[in-house]
Amino acid sequence: MSERDGVARPPAGVGLEQLRSAAAGCRACELWQDTTQTVFGEGPETARVVFVGEQPGDQEDRKGEPFVGPAGRLLDKALADAGIDRRDSYVTNSVKHFSHTVKGKRRIHQTPRPEHLRACRPWLEAEFAVLQPEVVVALGATAAKGLISPSFRITRDHGQLLPWTPPGAPAPTEDDDEDAPHQTWILATTHPSAILRTPDEARAAAYDALVADLRTVAGALA
């Protein structure tokens, strides 16, 4: 794997394990310099649904696995309440390294910049190419803006199933049935970390809204 012009160049025609191994050495942007490791996606190649967040957090960076911190535990609970088995899902992030600043002994999350998203985009596209999911769930604004539209607003448009063509896949033709098995759908919802930051009095309602969105996903997979 090589990097050119600040963009990752994943190997072609390989599976998830080979992609994960290649991503471990990614130097397409500078984020790798101050992190523990690349945090690649996780889940079976047979996954019908893919969840895409923004980036790994502190615990994910240390463990090398996505969504294993507080936000991951909340996501697990919401998936269970919505009737989706995480073991049958694939979870990943738009950016595979932890963007942060150091304050004392703490590493504080920083929103990845456009150049970080651009550098890492080929890894996400390579994951989609292998997985060919039926449904993609964008968790939070960063993922939704990158995958759907820069003007997408989670607060206004969350929970809607939209027909979507994964990057690099052939576009549907006029003769395609929108309910055909090859059709991919995308839905955006709130990132679990945003719910954890919601004031106590509004957190239950925010969580219920996340579960309702995920039940829409469960219905699409039924």
# chains A, B, ... in the order shown; residues from 1 in each chain; ligands from 1
>>> select_by_dssp(residues="region 10-138 of chain A", states="helix (DSSP H, G or I)", output="PyMOL selection string")
chain A and resi 16-23+30-34+58-63+70-82+86-88+114-131
>>> residues_around(residues="region 111-122 of chain A", least_positions_apart="5", cutoff="12 Å", atoms="only C-alpha atoms", output="PyMOL selection string")
chain A and resi 1-12+19+23+26-32+38-40+52-57+92-101+127-129+140-143+145-147+150+166-168
>>> residues_around(residues="His191 (chain A)", least_positions_apart="2", cutoff="12 Å", atoms="only C-alpha atoms", output="PyMOL selection string")
chain A and resi 51-55+67+70-72+74-75+78+93+137-144+154-155+158+188-189+193-198+206-207+209-211+213-214
>>> closest_residue(among="A:Ala218, A:Leu162, A:Pro192, A:Glu201", to="Asp76 (chain A)", atoms="only C-alpha atoms")
A:Pro192
>>> residues_around(residues="Arg48 (chain A)", least_positions_apart="3", cutoff="7 Å", atoms="only C-alpha atoms", output="list in words")
Ser89, Pro133, Glu134 and Val135 of chain A
>>> select_by_dssp(residues="region 6-148 of chain A", states="strand (DSSP E)", output="list in words")
Val7, Ala8, Arg9, Val49, Val50, Phe51, Val52, Gly53, Ser89, Tyr90, Val91, Thr92, Asn93, His100, Thr101, Val102, Lys103, Arg106, Arg107, Ile108, His109, Val135, Val136, Val137, Ala138 and Leu139 of chain A
>>> write_last_selection(atoms="N, CA, C and O atoms", output="short mmCIF file (atom, residue, chain, number, x, y, z; two decimals), in the first residue's frame")
data_model
loop_
_atom_site.label_atom_id
_atom_site.label_comp_id
_atom_site.auth_asym_id
_atom_site.auth_seq_id
_atom_site.Cartn_x
_atom_site.Cartn_y
_atom_site.Cartn_z
N VAL A 7 -3.43 10.91 -0.02
CA VAL A 7 -4.59 10.02 -0.10
C VAL A 7 -4.10 8.57 -0.02
O VAL A 7 -3.14 8.19 -0.70
N ALA A 8 -4.77 7.77 0.79
CA ALA A 8 -4.39 6.36 0.93
C ALA A 8 -4.62 5.61 -0.36
O ALA A 8 -5.53 5.94 -1.14
N ARG A 9 -3.82 4.59 -0.60
CA ARG A 9 -3.96 3.73 -1.76
C ARG A 9 -4.06 2.27 -1.29
O ARG A 9 -3.06 1.56 -1.25
N VAL A 49 -25.41 -4.97 7.21
CA VAL A 49 -25.50 -3.56 7.59
C VAL A 49 -24.13 -3.07 8.05
O VAL A 49 -23.41 -3.78 8.75
N VAL A 50 -23.77 -1.87 7.63
CA VAL A 50 -22.50 -1.26 8.01
C VAL A 50 -22.79 0.05 8.74
O VAL A 50 -23.55 0.89 8.25
N PHE A 51 -22.18 0.21 9.91
CA PHE A 51 -22.30 1.44 10.69
C PHE A 51 -21.01 2.24 10.54
O PHE A 51 -19.92 1.71 10.77
N VAL A 52 -21.14 3.50 10.15
CA VAL A 52 -19.97 4.35 9.91
C VAL A 52 -20.02 5.54 10.85
O VAL A 52 -20.95 6.36 10.80
N GLY A 53 -19.02 5.64 11.74
CA GLY A 53 -18.92 6.79 12.64
C GLY A 53 -17.91 7.80 12.12
O GLY A 53 -17.52 7.78 10.94
N SER A 89 -23.16 -7.31 12.23
CA SER A 89 -22.98 -5.99 11.64
C SER A 89 -21.49 -5.69 11.49
O SER A 89 -20.64 -6.34 12.10
N TYR A 90 -21.20 -4.69 10.69
CA TYR A 90 -19.82 -4.22 10.52
C TYR A 90 -19.77 -2.78 11.00
O TYR A 90 -20.61 -1.95 10.60
N VAL A 91 -18.82 -2.48 11.87
CA VAL A 91 -18.70 -1.12 12.39
C VAL A 91 -17.34 -0.55 12.00
O VAL A 91 -16.31 -1.23 12.08
N THR A 92 -17.35 0.69 11.57
CA THR A 92 -16.11 1.32 11.13
C THR A 92 -16.23 2.83 11.31
O THR A 92 -17.24 3.33 11.81
N ASN A 93 -15.22 3.55 10.87
CA ASN A 93 -15.22 5.01 10.98
C ASN A 93 -14.73 5.64 9.69
O ASN A 93 -14.00 5.03 8.91
N HIS A 100 -6.85 14.24 17.96
CA HIS A 100 -7.00 14.73 19.33
C HIS A 100 -5.95 15.79 19.64
O HIS A 100 -5.00 16.00 18.89
N THR A 101 -6.16 16.45 20.76
CA THR A 101 -5.17 17.34 21.32
C THR A 101 -4.92 16.90 22.76
O THR A 101 -5.81 16.31 23.39
N VAL A 102 -3.74 17.14 23.27
CA VAL A 102 -3.38 16.69 24.61
C VAL A 102 -3.52 17.84 25.60
O VAL A 102 -3.00 18.94 25.38
N LYS A 103 -4.26 17.60 26.68
CA LYS A 103 -4.40 18.57 27.77
C LYS A 103 -4.05 17.85 29.07
O LYS A 103 -4.83 17.04 29.55
N ARG A 106 -4.77 14.05 29.59
CA ARG A 106 -5.92 13.63 28.81
C ARG A 106 -5.72 13.91 27.33
O ARG A 106 -5.08 14.89 26.94
N ARG A 107 -6.30 13.04 26.50
CA ARG A 107 -6.32 13.26 25.06
C ARG A 107 -7.76 13.64 24.68
O ARG A 107 -8.68 12.85 24.83
N ILE A 108 -7.92 14.86 24.18
CA ILE A 108 -9.24 15.41 23.91
C ILE A 108 -9.57 15.29 22.43
O ILE A 108 -8.79 15.72 21.57
N HIS A 109 -10.72 14.72 22.14
CA HIS A 109 -11.19 14.54 20.77
C HIS A 109 -11.20 15.85 20.00
O HIS A 109 -11.60 16.89 20.51
N VAL A 135 -27.63 -2.12 3.86
CA VAL A 135 -27.92 -0.85 4.52
C VAL A 135 -26.65 -0.28 5.11
O VAL A 135 -25.85 -1.02 5.71
N VAL A 136 -26.44 1.02 4.93
CA VAL A 136 -25.34 1.75 5.56
C VAL A 136 -25.95 2.75 6.52
O VAL A 136 -26.90 3.47 6.16
N VAL A 137 -25.45 2.80 7.74
CA VAL A 137 -25.94 3.74 8.75
C VAL A 137 -24.83 4.73 9.06
O VAL A 137 -23.76 4.34 9.54
N ALA A 138 -25.08 5.99 8.77
CA ALA A 138 -24.13 7.05 9.09
C ALA A 138 -24.42 7.54 10.51
O ALA A 138 -25.51 8.04 10.79
N LEU A 139 -23.46 7.36 11.39
CA LEU A 139 -23.61 7.77 12.79
C LEU A 139 -22.99 9.15 12.96
O LEU A 139 -21.78 9.32 12.99
#
>>> residues_around(residues="Glu17 (chain A)", least_positions_apart="2", cutoff="12 Å", atoms="only C-alpha atoms", output="PDB file with all heavy atoms, in the first residue's frame")
ATOM      1  N   PRO A  11      -4.722  -1.769  -1.209  1.00  0.00           N
ATOM      2  CA  PRO A  11      -4.549  -2.810  -2.224  1.00  0.00           C
ATOM      3  C   PRO A  11      -5.902  -3.191  -2.812  1.00  0.00           C
ATOM      4  O   PRO A  11      -6.928  -3.154  -2.128  1.00  0.00           O
ATOM      5  CB  PRO A  11      -3.941  -3.975  -1.431  1.00  0.00           C
ATOM      6  CG  PRO A  11      -4.371  -3.743  -0.023  1.00  0.00           C
ATOM      7  CD  PRO A  11      -4.421  -2.252   0.151  1.00  0.00           C
ATOM      8  N   GLY A  13      -8.647  -5.809  -4.805  1.00  0.00           N
ATOM      9  CA  GLY A  13      -8.992  -7.210  -4.948  1.00  0.00           C
ATOM     10  C   GLY A  13      -8.661  -8.084  -3.762  1.00  0.00           C
ATOM     11  O   GLY A  13      -8.396  -9.283  -3.933  1.00  0.00           O
ATOM     12  N   VAL A  14      -8.662  -7.516  -2.555  1.00  0.00           N
ATOM     13  CA  VAL A  14      -8.349  -8.300  -1.357  1.00  0.00           C
ATOM     14  C   VAL A  14      -9.517  -8.225  -0.382  1.00  0.00           C
ATOM     15  O   VAL A  14     -10.441  -7.426  -0.539  1.00  0.00           O
ATOM     16  CB  VAL A  14      -7.054  -7.791  -0.669  1.00  0.00           C
ATOM     17  CG1 VAL A  14      -5.879  -7.890  -1.609  1.00  0.00           C
ATOM     18  CG2 VAL A  14      -7.237  -6.355  -0.169  1.00  0.00           C
ATOM     19  N   GLY A  15      -9.474  -9.066   0.662  1.00  0.00           N
ATOM     20  CA  GLY A  15     -10.519  -9.109   1.662  1.00  0.00           C
ATOM     21  C   GLY A  15     -10.254  -8.163   2.817  1.00  0.00           C
ATOM     22  O   GLY A  15      -9.270  -7.409   2.830  1.00  0.00           O
ATOM     23  N   LEU A  19      -6.951  -5.839   3.943  1.00  0.00           N
ATOM     24  CA  LEU A  19      -7.103  -4.385   4.048  1.00  0.00           C
ATOM     25  C   LEU A  19      -6.692  -3.897   5.432  1.00  0.00           C
ATOM     26  O   LEU A  19      -6.016  -2.874   5.572  1.00  0.00           O
ATOM     27  CB  LEU A  19      -8.558  -3.985   3.767  1.00  0.00           C
ATOM     28  CG  LEU A  19      -9.028  -4.090   2.316  1.00  0.00           C
ATOM     29  CD1 LEU A  19     -10.529  -3.832   2.233  1.00  0.00           C
ATOM     30  CD2 LEU A  19      -8.278  -3.092   1.425  1.00  0.00           C
ATOM     31  N   ARG A  20      -7.103  -4.647   6.458  1.00  0.00           N
ATOM     32  CA  ARG A  20      -6.746  -4.261   7.834  1.00  0.00           C
ATOM     33  C   ARG A  20      -5.233  -4.262   8.021  1.00  0.00           C
ATOM     34  O   ARG A  20      -4.667  -3.346   8.626  1.00  0.00           O
ATOM     35  CB  ARG A  20      -7.424  -5.213   8.821  1.00  0.00           C
ATOM     36  CG  ARG A  20      -7.176  -4.855  10.290  1.00  0.00           C
ATOM     37  CD  ARG A  20      -7.932  -5.782  11.223  1.00  0.00           C
ATOM     38  NE  ARG A  20      -9.363  -5.547  11.167  1.00  0.00           N
ATOM     39  CZ  ARG A  20     -10.233  -6.349  10.565  1.00  0.00           C
ATOM     40  NH1 ARG A  20      -9.802  -7.466   9.978  1.00  0.00           N
ATOM     41  NH2 ARG A  20     -11.509  -6.065  10.557  1.00  0.00           N
ATOM     42  N   SER A  21      -4.573  -5.262   7.493  1.00  0.00           N
ATOM     43  CA  SER A  21      -3.114  -5.338   7.609  1.00  0.00           C
ATOM     44  C   SER A  21      -2.446  -4.179   6.882  1.00  0.00           C
ATOM     45  O   SER A  21      -1.484  -3.586   7.385  1.00  0.00           O
ATOM     46  CB  SER A  21      -2.615  -6.673   7.043  1.00  0.00           C
ATOM     47  OG  SER A  21      -3.100  -7.757   7.811  1.00  0.00           O
ATOM     48  N   ALA A  22      -2.957  -3.842   5.702  1.00  0.00           N
ATOM     49  CA  ALA A  22      -2.378  -2.737   4.941  1.00  0.00           C
ATOM     50  C   ALA A  22      -2.611  -1.402   5.633  1.00  0.00           C
ATOM     51  O   ALA A  22      -1.725  -0.545   5.685  1.00  0.00           O
ATOM     52  CB  ALA A  22      -2.965  -2.717   3.528  1.00  0.00           C
ATOM     53  N   ALA A  23      -3.803  -1.229   6.201  1.00  0.00           N
ATOM     54  CA  ALA A  23      -4.134   0.037   6.857  1.00  0.00           C
ATOM     55  C   ALA A  23      -3.278   0.281   8.095  1.00  0.00           C
ATOM     56  O   ALA A  23      -3.074   1.430   8.499  1.00  0.00           O
ATOM     57  CB  ALA A  23      -5.610   0.062   7.234  1.00  0.00           C
ATOM     58  N   ALA A  24      -2.764  -0.793   8.689  1.00  0.00           N
ATOM     59  CA  ALA A  24      -1.940  -0.647   9.887  1.00  0.00           C
ATOM     60  C   ALA A  24      -0.706   0.207   9.620  1.00  0.00           C
ATOM     61  O   ALA A  24      -0.162   0.831  10.535  1.00  0.00           O
ATOM     62  CB  ALA A  24      -1.528  -2.019  10.406  1.00  0.00           C
ATOM     63  N   PHE A  40      -9.119  -0.054  12.386  1.00  0.00           N
ATOM     64  CA  PHE A  40      -9.868  -0.423  11.200  1.00  0.00           C
ATOM     65  C   PHE A  40     -11.254  -0.919  11.600  1.00  0.00           C
ATOM     66  O   PHE A  40     -11.551  -1.101  12.780  1.00  0.00           O
ATOM     67  CB  PHE A  40      -9.106  -1.512  10.430  1.00  0.00           C
ATOM     68  CG  PHE A  40      -9.433  -1.565   8.963  1.00  0.00           C
ATOM     69  CD1 PHE A  40      -9.030  -0.552   8.105  1.00  0.00           C
ATOM     70  CD2 PHE A  40     -10.153  -2.624   8.439  1.00  0.00           C
ATOM     71  CE1 PHE A  40      -9.329  -0.599   6.753  1.00  0.00           C
ATOM     72  CE2 PHE A  40     -10.456  -2.687   7.094  1.00  0.00           C
ATOM     73  CZ  PHE A  40     -10.049  -1.669   6.249  1.00  0.00           C
ATOM     74  N   GLY A  41     -12.112  -1.121  10.599  1.00  0.00           N
ATOM     75  CA  GLY A  41     -13.445  -1.629  10.872  1.00  0.00           C
ATOM     76  C   GLY A  41     -13.412  -3.060  11.371  1.00  0.00           C
ATOM     77  O   GLY A  41     -12.406  -3.761  11.269  1.00  0.00           O
ATOM     78  N   GLU A  42     -14.552  -3.493  11.924  1.00  0.00           N
ATOM     79  CA  GLU A  42     -14.626  -4.837  12.498  1.00  0.00           C
ATOM     80  C   GLU A  42     -16.004  -5.436  12.258  1.00  0.00           C
ATOM     81  O   GLU A  42     -17.028  -4.760  12.413  1.00  0.00           O
ATOM     82  CB  GLU A  42     -14.349  -4.786  13.996  1.00  0.00           C
ATOM     83  CG  GLU A  42     -14.213  -6.137  14.650  1.00  0.00           C
ATOM     84  CD  GLU A  42     -13.746  -5.996  16.086  1.00  0.00           C
ATOM     85  OE1 GLU A  42     -14.606  -5.775  16.953  1.00  0.00           O
ATOM     86  OE2 GLU A  42     -12.530  -6.102  16.346  1.00  0.00           O
ATOM     87  N   GLY A  43     -16.001  -6.706  11.882  1.00  0.00           N
ATOM     88  CA  GLY A  43     -17.255  -7.405  11.639  1.00  0.00           C
ATOM     89  C   GLY A  43     -17.079  -8.387  10.500  1.00  0.00           C
ATOM     90  O   GLY A  43     -16.051  -8.409   9.824  1.00  0.00           O
ATOM     91  N   PRO A  44     -18.070  -9.238  10.261  1.00  0.00           N
ATOM     92  CA  PRO A  44     -17.953 -10.269   9.228  1.00  0.00           C
ATOM     93  C   PRO A  44     -18.106  -9.695   7.821  1.00  0.00           C
ATOM     94  O   PRO A  44     -18.808  -8.705   7.606  1.00  0.00           O
ATOM     95  CB  PRO A  44     -19.112 -11.216   9.562  1.00  0.00           C
ATOM     96  CG  PRO A  44     -20.141 -10.338  10.197  1.00  0.00           C
ATOM     97  CD  PRO A  44     -19.360  -9.326  11.002  1.00  0.00           C
ATOM     98  N   GLU A  45     -17.459 -10.343   6.862  1.00  0.00           N
ATOM     99  CA  GLU A  45     -17.602  -9.917   5.471  1.00  0.00           C
ATOM    100  C   GLU A  45     -19.019 -10.140   4.958  1.00  0.00           C
ATOM    101  O   GLU A  45     -19.409  -9.572   3.937  1.00  0.00           O
ATOM    102  CB  GLU A  45     -16.597 -10.653   4.574  1.00  0.00           C
ATOM    103  CG  GLU A  45     -15.165 -10.208   4.781  1.00  0.00           C
ATOM    104  CD  GLU A  45     -14.217 -10.663   3.678  1.00  0.00           C
ATOM    105  OE1 GLU A  45     -14.695 -11.253   2.686  1.00  0.00           O
ATOM    106  OE2 GLU A  45     -13.008 -10.427   3.816  1.00  0.00           O
ATOM    107  N   ALA A 126     -12.923   0.923   0.098  1.00  0.00           N
ATOM    108  CA  ALA A 126     -12.470  -0.463  -0.034  1.00  0.00           C
ATOM    109  C   ALA A 126     -13.300  -1.395   0.849  1.00  0.00           C
ATOM    110  O   ALA A 126     -13.608  -2.531   0.463  1.00  0.00           O
ATOM    111  CB  ALA A 126     -10.989  -0.567   0.331  1.00  0.00           C
ATOM    112  N   GLU A 127     -13.679  -0.926   2.033  1.00  0.00           N
ATOM    113  CA  GLU A 127     -14.534  -1.729   2.903  1.00  0.00           C
ATOM    114  C   GLU A 127     -15.894  -1.966   2.246  1.00  0.00           C
ATOM    115  O   GLU A 127     -16.415  -3.089   2.230  1.00  0.00           O
ATOM    116  CB  GLU A 127     -14.708  -1.021   4.251  1.00  0.00           C
ATOM    117  CG  GLU A 127     -13.465  -1.050   5.127  1.00  0.00           C
ATOM    118  CD  GLU A 127     -13.607  -0.177   6.357  1.00  0.00           C
ATOM    119  OE1 GLU A 127     -13.730   1.068   6.225  1.00  0.00           O
ATOM    120  OE2 GLU A 127     -13.588  -0.734   7.466  1.00  0.00           O
ATOM    121  N   VAL A 130     -15.814  -4.625  -0.507  1.00  0.00           N
ATOM    122  CA  VAL A 130     -15.794  -6.011  -0.026  1.00  0.00           C
ATOM    123  C   VAL A 130     -17.158  -6.405   0.543  1.00  0.00           C
ATOM    124  O   VAL A 130     -17.689  -7.479   0.255  1.00  0.00           O
ATOM    125  CB  VAL A 130     -14.700  -6.209   1.040  1.00  0.00           C
ATOM    126  CG1 VAL A 130     -14.801  -7.601   1.668  1.00  0.00           C
ATOM    127  CG2 VAL A 130     -13.318  -5.998   0.431  1.00  0.00           C
TER     128      VAL A 130
END
>>> atom_distance(atom1="CA of Leu131 (chain A)", atom2="CA of Ala222 (chain A)")
18.3 Å
>>> closest_residue(among="A:Asp58, A:Val68, A:Asp88, A:Arg203", to="Lys105 (chain A)", atoms="only C-alpha atoms")
A:Asp58
>>> closest_residue(among="A:Leu124, A:Ala47, A:Leu187, A:Gly25", to="Asp85 (chain A)", atoms="only C-alpha atoms")
A:Ala47
